[in-house]
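Colleague: One structure, pasted below without further comment.
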Amino acid sequence: AKSETILARRKGVPTGAPDVADRELHWLRAVRMHADNRVSQLIHYAREIVIAPRNQQELFEPIPPEGDLTEILKARVHRKDGGVAFPVEEHNDGSRPRIRWPELEPGDTVEVAIRQWTSTAVGGRGDAPFYFLDYAGSPASHPLLYNEVIVETMPGHPLYVDVLNDKLAPYKRIEKEDKERGVHVLQLIWDKPLILPEEPLAPHTSEIAPVIVGSTFKTWADFRKWYSEAIRGFTEPDEEVRRIAAELTKGKRTREEKLRALFEFVADDIRYVNYVSGEWWLPNRPQQLLARREGDCDDKAILLITLLRSIGIEAQEVMVQTRMTGQPSVLLAKNAAVPMFDHGIAFLPGPNGGQYLDATSPQSRLGPIPSMDARAVALRMDNGPAEIVQLPPSSPDDHGADVSWQLSIASDGSGELTGEERHSGDGAFWLRTNLSQAEARAQYVEDVLVAPWFSSIDLDKTIDFRGDLPKGQALVKYKARSRAMARREGKDLVLPLSPAATYGSQIAPLPTRTLPVLLPSYFAPSHQNRTVRAVAPPGMTWGELPPGGDANGGEFGKAHLEIARDPRDPRALIIKRSVVFDQHLIPVEKYTSWRTWVQQVDALMHKEVRLVEAK
């Protein structure tokens, strides 16, 4: 595009406070599949500066990292007064080019054009896959004013393209044959791309804006055929694999015992390291992992599958897009198969839907599927239909903590705490992650388990931790002293029954929303059950108790609170509180009712009990 066409879209700098950080005046992506099956992308864009860079680091241009090799074709500054300036630093350095601008002022416009290439052919038997994504939508603080995507292919060298969420913003689609150059041309133009409000806990842009996706694979059957052929023989056990599997399962009588032994070997003895194989787009072979004793998630999955097969247990690989990536719409595209996976695990066929095995981390154990995998989308590499499936939903019962506290309160408001916590699922995973090293335990227990409830903590450094309980659970026991467990109000002491932070402030701060809420995987599904026994100091007794009750959120979750005197000890109080979050994606039309429930939970839980002088 001509610079004059782009600059005509400038809106200038407002006289008052700026309403945006910058404006993307133009974005063009031209993707071409060449006769040698390499892909080039020409990206041409310009942005109008509204808030000037605040330091030297912000003068470096964030060049889109779309290819293996990059060349800078154009880089300049169109000054607001009509002049043109050029970078003070510009390097064409293969895959790591660099542009540093001179000082920029509000109203200036930077214009960049780059061409990027894949370093090798793509999509074939011995070639890497290729896909691209382009968003016809942007956040309100960085509005996009024009978006165009052009895809050029040659006969016999296709790229498959789809537009996701295509009803959210109008666009032009132009398709033609360029006979002179012998290419098929697809042109997609958004004159008014979607501008998205910026709201906390919003889904990824791919779920709420038009997205253009392209891939060398049209269907998941095509991709699975390519991948299966590429890793053919990887999971065939050799003599070394059989020997190791036999040693690990020696003396193990049941299938479950053998499975656990092999699982824990892969999780614990194979260090998690993401190193590149000789065939860099494939997992490493089991023999490489056994030699190096390290590998990443899909490497470990392949090794586990191979070990299991060597003892007669059939398993399959599963490619997962975890909830941490959170772009399921991309995998569910109808006209292109886009292999955007960030995780690999194993699957054991069997009753009740089979069993998924994630042995990625040394803290992984057999038990509930990790919550980042639960409810995620995946592709199973089996003989069934080649389609994207949703992994098991998991239950709030699978993840969370069951806590028992004993509080002994002194007359000055200080107090002693004895705690025991049994964590399951992801809760147990994070306990193992942070408490496996004895010298690191105290800091985590103080910061994460105790400090949100009480201030001025002195933690006993002797902490009992057991991370290998049945079903992947973990147990921690600790003691602490707080110099401010209860606050003084006149002659009374007041003991809070909740942490200072409310759920509403964390997950539902906005009164209304235009975008869904997507809760992090560690938040939902989960449960937090806590029983507290608080003992009053001599000469004091518990005043009138606040009411407990329930906050039933139906599909969202539930909460329960009980506050009662201990019938066996008149100085003791028993508090039982439980909070369960289940639904993790809250649609806009349900936000008001969900937020109301969250506020009800806060109102129910944020109670205080008062200690008064005994009469």
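Following the order of the structure tokens, chains are lettered A, B, ..., residues in each are numbered from 1, and ligands are numbered from 1.
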When you look at Leu497 of chain A with a cut-off of 8 Å (counting only C-alpha atoms), what residues show up, excluding the ones that are within fewer than 4 positions of it in the same chain? I need them as a ChimeraX atom specification.
Modeller: /A:605-609
Colleague: If you count only C-alpha atoms, which residues fall within 8 Å of Leu133 of chain A, apart from same-chain ones fewer than 2 positions away, as a list of chain:residue names?
Modeller: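 My reading of the contact set: A:Tyr131, A:Tyr135, A:Val211, A:Ile212, A:Val213, A:Gly214.
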Colleague: Using the selection just defined, write its residues with N, CA and C atoms as a short mmCIF file (atom, residue, chain, number, x, y, z; two decimals), in the first residue's frame.
Modeller:
```cif
data_model
loop_
_atom_site.label_atom_id
_atom_site.label_comp_id
_atom_site.auth_asym_id
_atom_site.auth_seq_id
_atom_site.Cartn_x
_atom_site.Cartn_y
_atom_site.Cartn_z
N TYR A 131 1.33 -23.07 9.92
CA TYR A 131 0.04 -22.41 10.03
C TYR A 131 0.28 -20.95 10.38
N TYR A 135 -5.45 -11.56 13.29
CA TYR A 135 -6.62 -11.09 14.04
C TYR A 135 -7.19 -9.82 13.43
N VAL A 211 -10.90 -14.04 13.22
CA VAL A 211 -9.53 -14.54 13.12
C VAL A 211 -9.37 -15.26 11.79
N ILE A 212 -8.32 -14.93 11.06
CA ILE A 212 -8.00 -15.61 9.82
C ILE A 212 -6.94 -16.65 10.13
N VAL A 213 -7.22 -17.91 9.81
CA VAL A 213 -6.26 -18.98 10.06
C VAL A 213 -5.93 -19.66 8.74
N GLY A 214 -4.70 -20.10 8.63
CA GLY A 214 -4.27 -20.84 7.45
C GLY A 214 -3.38 -21.99 7.85
#
```
Colleague: Write out as a tab-separated table the residues of segment 134-165 of chain A that have any atom within 8 Å of an atom of segment 333-338 of chain A, one row each with the nearest atom pair and its distance in Å to one decimal, counting only C-alpha atoms, sorted by chain and then rising number.
Modeller:
```
residue	atom	partner	partner_atom	distance
A:Tyr160	CA	A:Ala336	CA	5.3
A:Val161	CA	A:Ala336	CA	5.7
A:Asp162	CA	A:Asn335	CA	5.3
A:Val163	CA	A:Ala333	CA	8.0
A:Leu164	CA	A:Ala333	CA	6.7
```
Colleague: Among segment 271-520 of chain A, which residues does DSSP mark as alpha helix (DSSP H) when it is run on the backbone? Keep the chain and numbering as in the structure and answer as an NGL selection string.
Modeller: :A and (286-292 or 297-310 or 328-331 or 426-435 or 441-444 or 503-507)
Colleague: At a cut-off of 8 Å, using only C-alpha atoms, what residues contact Leu308 of chain A? Leave out same-chain residues fewer than 5 positions from it and give the result as a PDB file with N, CA and C atoms, in the first residue's frame.
Modeller:
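This went into result12.pdb:
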```pdb
ATOM      1  N   ALA A 245      11.862 -51.358  31.425  1.00  0.00           N
ATOM      2  CA  ALA A 245      10.489 -51.577  31.885  1.00  0.00           C
ATOM      3  C   ALA A 245      10.404 -52.798  32.801  1.00  0.00           C
ATOM      4  N   LEU A 259       1.755 -49.726  36.290  1.00  0.00           N
ATOM      5  CA  LEU A 259       1.488 -48.421  35.679  1.00  0.00           C
ATOM      6  C   LEU A 259       2.101 -47.307  36.515  1.00  0.00           C
ATOM      7  N   LEU A 262       6.021 -47.164  36.186  1.00  0.00           N
ATOM      8  CA  LEU A 262       6.497 -46.580  34.933  1.00  0.00           C
ATOM      9  C   LEU A 262       6.177 -45.082  34.869  1.00  0.00           C
ATOM     10  N   ILE A 313       0.682 -53.072  27.895  1.00  0.00           N
ATOM     11  CA  ILE A 313      -0.388 -52.104  28.135  1.00  0.00           C
ATOM     12  C   ILE A 313      -0.418 -51.116  26.970  1.00  0.00           C
ATOM     13  N   GLU A 314      -1.501 -51.112  26.233  1.00  0.00           N
ATOM     14  CA  GLU A 314      -1.610 -50.249  25.056  1.00  0.00           C
ATOM     15  C   GLU A 314      -1.951 -48.825  25.468  1.00  0.00           C
ATOM     16  N   ALA A 315      -1.228 -47.864  24.924  1.00  0.00           N
ATOM     17  CA  ALA A 315      -1.468 -46.446  25.201  1.00  0.00           C
ATOM     18  C   ALA A 315      -1.291 -45.649  23.928  1.00  0.00           C
TER      19      ALA A 315
END
```
Colleague: Would you please give, as an MDAnalysis selection string, all residues of segment 47-81 of chain A that DSSP assigns to strand (DSSP E or B) based on the backbone?
Modeller: chainID A and resid 47:49 60 69:78
Colleague: Excluding segment 112-122 of chain A and its own-chain neighbours fewer than 3 positions away, which residues fall within 7 Å of it when counting only C-alpha atoms? Please give them as an MDAnalysis selection string.
Modeller: chainID A and resid 36:46 66:76 127:130
Colleague: With only C-alpha atoms as the atoms that count, which of A:Thr109, A:Thr596, A:Gln473, A:Gln355 lies nearest to Gly82 of chain A?
Modeller: A:Thr109
Colleague: May I have the residues within 7 Å of Tyr272 of chain A as a count of residues only, using only C-alpha atoms and disregarding those fewer than 2 positions away in the same chain?
Modeller: 7
Colleague: Which of these, A:Arg243, A:His343, A:Arg488, A:Arg595, has the shortest distance to Arg513 of chain A once you count only C-alpha atoms?
Modeller: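 Comparing A:Arg243, A:His343, A:Arg488, A:Arg595 against Arg513 of chain A, the winner is A:Arg595.
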Colleague: For Leu518 of chain A, list every protein, DNA or RNA residue within 6 Å, evaluated using only C-alpha atoms, and leave out those in the same chain fewer than 5 positions away; present the list as a PyMOL selection string.
Modeller: chain A and resi 201-203+584-585
Colleague: Determine, counting only C-alpha atoms, which protein, DNA and RNA residues have an atom within 9 Å of an atom of segment 8-24 of chain A; residues of the same chain fewer than 4 positions away are not included. Present the result as a list of chain:residue names.
Modeller: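 Final neighbour list, sorted by chain and number: A:Ser3, A:Glu4, A:Tyr45, A:Ala46, A:Arg47, A:Glu48, A:Ile49, A:Val50, A:Ile51, A:Ala52, A:Lys80, A:Pro106, A:Gly107, A:Asp108, A:Thr109, A:Ala140, A:Ser141, A:His142, A:Pro143, A:Leu144, A:Leu145, A:Tyr146.
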Colleague: Any chance you could tabulate, as JSON lines, the residues of segment 490-554 of chain A at most 12 Å from segment 421-435 of chain A with each one's nearest atom pair and distance in Å to one decimal, using only C-alpha atoms, in chain and rising number order?
Modeller:
```
{"residue": "A:Ser521", "atom": "CA", "partner": "A:Asp426", "partner_atom": "CA", "distance": 9.1}
{"residue": "A:Tyr522", "atom": "CA", "partner": "A:Asp426", "partner_atom": "CA", "distance": 7.1}
{"residue": "A:Phe523", "atom": "CA", "partner": "A:Asp426", "partner_atom": "CA", "distance": 10.0}
{"residue": "A:Ala524", "atom": "CA", "partner": "A:Asp426", "partner_atom": "CA", "distance": 10.6}
{"residue": "A:Pro525", "atom": "CA", "partner": "A:Asp426", "partner_atom": "CA", "distance": 10.0}
{"residue": "A:Ser526", "atom": "CA", "partner": "A:Asp426", "partner_atom": "CA", "distance": 8.8}
{"residue": "A:His527", "atom": "CA", "partner": "A:Ser424", "partner_atom": "CA", "distance": 9.6}
{"residue": "A:Gln528", "atom": "CA", "partner": "A:His423", "partner_atom": "CA", "distance": 9.4}
{"residue": "A:Asn529", "atom": "CA", "partner": "A:Glu421", "partner_atom": "CA", "distance": 9.7}
{"residue": "A:Arg530", "atom": "CA", "partner": "A:Glu421", "partner_atom": "CA", "distance": 8.9}
{"residue": "A:Thr531", "atom": "CA", "partner": "A:Glu421", "partner_atom": "CA", "distance": 10.3}
{"residue": "A:Val532", "atom": "CA", "partner": "A:Glu421", "partner_atom": "CA", "distance": 11.8}
```
Colleague: Save out the residues we just selected, N, CA and C atoms, as a short mmCIF file (atom, residue, chain, number, x, y, z; two decimals), in the first residue's frame.
Modeller:
```
data_model
loop_
_atom_site.label_atom_id
_atom_site.label_comp_id
_atom_site.auth_asym_id
_atom_site.auth_seq_id
_atom_site.Cartn_x
_atom_site.Cartn_y
_atom_site.Cartn_z
N SER A 521 -7.34 -21.83 35.24
CA SER A 521 -7.56 -23.25 35.52
C SER A 521 -7.38 -23.57 36.99
N TYR A 522 -6.53 -22.81 37.72
CA TYR A 522 -6.35 -23.10 39.14
C TYR A 522 -7.54 -22.64 39.98
N PHE A 523 -8.44 -21.83 39.40
CA PHE A 523 -9.58 -21.30 40.14
C PHE A 523 -10.82 -22.18 40.00
N ALA A 524 -11.02 -22.69 38.80
CA ALA A 524 -12.20 -23.53 38.57
C ALA A 524 -11.85 -24.61 37.55
N PRO A 525 -12.21 -25.86 37.87
CA PRO A 525 -12.95 -26.33 39.04
C PRO A 525 -12.03 -26.50 40.26
N SER A 526 -12.54 -26.14 41.44
CA SER A 526 -11.76 -26.31 42.67
C SER A 526 -12.67 -26.23 43.88
N HIS A 527 -12.14 -26.71 44.99
CA HIS A 527 -12.85 -26.59 46.27
C HIS A 527 -11.88 -26.15 47.35
N GLN A 528 -12.39 -25.42 48.32
CA GLN A 528 -11.63 -25.04 49.50
C GLN A 528 -12.51 -25.31 50.73
N ASN A 529 -12.19 -26.35 51.47
CA ASN A 529 -12.92 -26.70 52.69
C ASN A 529 -12.00 -26.43 53.88
N ARG A 530 -12.51 -25.68 54.86
CA ARG A 530 -11.67 -25.30 55.99
C ARG A 530 -12.48 -25.42 57.28
N THR A 531 -11.93 -26.16 58.25
CA THR A 531 -12.51 -26.26 59.58
C THR A 531 -11.55 -25.59 60.56
N VAL A 532 -12.07 -24.61 61.29
CA VAL A 532 -11.25 -23.84 62.23
C VAL A 532 -11.82 -24.03 63.64
#
```
Colleague: My list of candidates is A:Asp402, A:Glu199, A:Glu180, A:Glu439. Which is closest to Ala508 of chain A when distances are computed with only C-alpha atoms?
Modeller: A:Glu199
Colleague: Please measure the separation of atom CA of Val377 of chain A and atom CA of Asp468 of chain A, giving the value in Å to one decimal.
Modeller: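 So the two atoms, atom CA of Val377 of chain A and atom CA of Asp468 of chain A, lie 28.9 Å apart.
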Colleague: Ranking A:Leu545, A:Leu515, A:Ala440, A:Ala484 by minimum distance to Ala209 of chain A and counting only C-alpha atoms, which one comes first?
Modeller: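 Closest to Ala209 of chain A of all the choices is A:Leu515.
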